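Novice: First the structure, which I've put down as structure tokens, then a few questions once you've had a look.
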Amino acid sequence: MTIKLDICCGTACYLLGAGKLMEMENDLPQNWRSKVEIRIFPCLNLCESEDLEGAPFVRIDEEIIAKATLEKIMNRIRNKLENEEKGKGADHD
């Protein structure tokens with residue numbers, strides 16, 4: 001399983017923290033790096049359907065995270081990877 005992490009770098013998102021998020025690959029634990037694909041988008045067009053106060057926006061697989069921080073993203077990735085491992089364990093019981 002590869003987790004797709006899409007970072008919006010539109011003007012509002014970039015100014016409100018996406019610039020820092022773009023470099024988060026360096027913050028990923030080594031054993032996660034092959035499991036997470038970080039993609040940078042000029043804009044995810046989420047300000048149209050959401051509120052600018054939600055910037056920066058990221059999308060992890062199909063889940064939108066507003067006011068994204070490194071901590072929020074890392075926690076969500078950790079949860080997804082743990083659920084994946086639990087699912088694999090259930091197949092072997």
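Chain lettering (A, B, ...) mirrors the order of the structure tokens, residue numbering begins at 1 for each chain separately, and ligand numbering begins at 1 in order of display.
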So which residues touch stretch 3-20 of chain A within 7 Å, counting only C-alpha atoms, skipping near sequence neighbours fewer than 6 positions away, as JSON, numbers by chain?

Specialist: {"A": [35, 36, 37, 38, 39, 40, 41, 42, 43, 44, 55, 56, 57, 58, 59, 60, 61]}

Novice: So which bits of chain A end up alpha helix (DSSP H) when you DSSP the backbone, as a PyMOL selection string?

Specialist: chain A and resi 11-13+19-21+46-49+70-92

Novice: If we count only C-alpha atoms and set the cut-off at 10 Å, which residues sit around A:Leu81, ignoring sequence neighbours fewer than 2 positions away in its own chain? Please answer as a PyMOL selection string.

Specialist: chain A and resi 1-3+32+35-36+75-79+83-87

Novice: For the selection just defined, write its residues with N, CA, C and O atoms to a file, as a PDB file, in the first residue's frame.

Specialist:
```
ATOM      1  N   MET A   1       0.847  -1.185   0.000  1.00  0.00           N
ATOM      2  CA  MET A   1       0.000   0.000   0.000  1.00  0.00           C
ATOM      3  C   MET A   1       0.888   1.243   0.000  1.00  0.00           C
ATOM      4  O   MET A   1       1.830   1.334   0.764  1.00  0.00           O
ATOM      5  N   THR A   2       0.563   2.165  -0.866  1.00  0.00           N
ATOM      6  CA  THR A   2       1.239   3.462  -0.879  1.00  0.00           C
ATOM      7  C   THR A   2       0.218   4.527  -0.514  1.00  0.00           C
ATOM      8  O   THR A   2      -0.854   4.593  -1.104  1.00  0.00           O
ATOM      9  N   ILE A   3       0.547   5.327   0.471  1.00  0.00           N
ATOM     10  CA  ILE A   3      -0.309   6.434   0.886  1.00  0.00           C
ATOM     11  C   ILE A   3       0.056   7.633   0.027  1.00  0.00           C
ATOM     12  O   ILE A   3       1.232   7.993  -0.078  1.00  0.00           O
ATOM     13  N   TRP A  32       8.892   4.656   6.740  1.00  0.00           N
ATOM     14  CA  TRP A  32       7.660   5.134   6.100  1.00  0.00           C
ATOM     15  C   TRP A  32       7.916   5.637   4.686  1.00  0.00           C
ATOM     16  O   TRP A  32       7.002   5.731   3.892  1.00  0.00           O
ATOM     17  N   LYS A  35       6.527   4.028   1.756  1.00  0.00           N
ATOM     18  CA  LYS A  35       5.083   3.805   1.859  1.00  0.00           C
ATOM     19  C   LYS A  35       4.262   5.073   1.651  1.00  0.00           C
ATOM     20  O   LYS A  35       3.041   5.019   1.613  1.00  0.00           O
ATOM     21  N   VAL A  36       4.946   6.221   1.548  1.00  0.00           N
ATOM     22  CA  VAL A  36       4.250   7.504   1.404  1.00  0.00           C
ATOM     23  C   VAL A  36       4.773   8.216   0.153  1.00  0.00           C
ATOM     24  O   VAL A  36       5.977   8.429   0.017  1.00  0.00           O
ATOM     25  N   ASN A  75       0.290  11.981  12.361  1.00  0.00           N
ATOM     26  CA  ASN A  75      -0.650  11.152  13.119  1.00  0.00           C
ATOM     27  C   ASN A  75      -1.577  10.377  12.185  1.00  0.00           C
ATOM     28  O   ASN A  75      -1.853   9.198  12.407  1.00  0.00           O
ATOM     29  N   ARG A  76      -2.061  11.038  11.140  1.00  0.00           N
ATOM     30  CA  ARG A  76      -2.976  10.370  10.199  1.00  0.00           C
ATOM     31  C   ARG A  76      -2.256   9.266   9.430  1.00  0.00           C
ATOM     32  O   ARG A  76      -2.800   8.189   9.231  1.00  0.00           O
ATOM     33  N   ILE A  77      -1.025   9.536   9.002  1.00  0.00           N
ATOM     34  CA  ILE A  77      -0.248   8.503   8.309  1.00  0.00           C
ATOM     35  C   ILE A  77       0.002   7.325   9.244  1.00  0.00           C
ATOM     36  O   ILE A  77      -0.138   6.161   8.851  1.00  0.00           O
ATOM     37  N   ARG A  78       0.383   7.609  10.483  1.00  0.00           N
ATOM     38  CA  ARG A  78       0.621   6.552  11.469  1.00  0.00           C
ATOM     39  C   ARG A  78      -0.633   5.687  11.628  1.00  0.00           C
ATOM     40  O   ARG A  78      -0.554   4.460  11.613  1.00  0.00           O
ATOM     41  N   ASN A  79      -1.797   6.330  11.751  1.00  0.00           N
ATOM     42  CA  ASN A  79      -3.049   5.582  11.902  1.00  0.00           C
ATOM     43  C   ASN A  79      -3.311   4.699  10.691  1.00  0.00           C
ATOM     44  O   ASN A  79      -3.720   3.539  10.834  1.00  0.00           O
ATOM     45  N   ASN A  83      -3.459   0.649  10.811  1.00  0.00           N
ATOM     46  CA  ASN A  83      -4.654  -0.070  10.353  1.00  0.00           C
ATOM     47  C   ASN A  83      -4.297  -1.068   9.266  1.00  0.00           C
ATOM     48  O   ASN A  83      -4.858  -2.164   9.216  1.00  0.00           O
ATOM     49  N   GLU A  84      -3.373  -0.703   8.407  1.00  0.00           N
ATOM     50  CA  GLU A  84      -2.902  -1.613   7.358  1.00  0.00           C
ATOM     51  C   GLU A  84      -2.270  -2.849   7.981  1.00  0.00           C
ATOM     52  O   GLU A  84      -2.521  -3.969   7.566  1.00  0.00           O
ATOM     53  N   GLU A  85      -1.419  -2.643   8.986  1.00  0.00           N
ATOM     54  CA  GLU A  85      -0.758  -3.765   9.648  1.00  0.00           C
ATOM     55  C   GLU A  85      -1.774  -4.660  10.364  1.00  0.00           C
ATOM     56  O   GLU A  85      -1.663  -5.869  10.324  1.00  0.00           O
ATOM     57  N   LYS A  86      -2.761  -4.063  11.022  1.00  0.00           N
ATOM     58  CA  LYS A  86      -3.802  -4.849  11.696  1.00  0.00           C
ATOM     59  C   LYS A  86      -4.577  -5.683  10.684  1.00  0.00           C
ATOM     60  O   LYS A  86      -4.918  -6.820  10.932  1.00  0.00           O
ATOM     61  N   GLY A  87      -4.855  -5.084   9.527  1.00  0.00           N
ATOM     62  CA  GLY A  87      -5.576  -5.792   8.475  1.00  0.00           C
ATOM     63  C   GLY A  87      -4.790  -6.989   7.967  1.00  0.00           C
ATOM     64  O   GLY A  87      -5.340  -8.060   7.722  1.00  0.00           O
TER      65      GLY A  87
END
```

Novice: Could you check how far atom CA of A:Leu70 sits from atom CA of A:Glu25, in Å to one decimal?

Specialist: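 Between atom CA of A:Leu70 and atom CA of A:Glu25 the gap works out to 10.5 Å.
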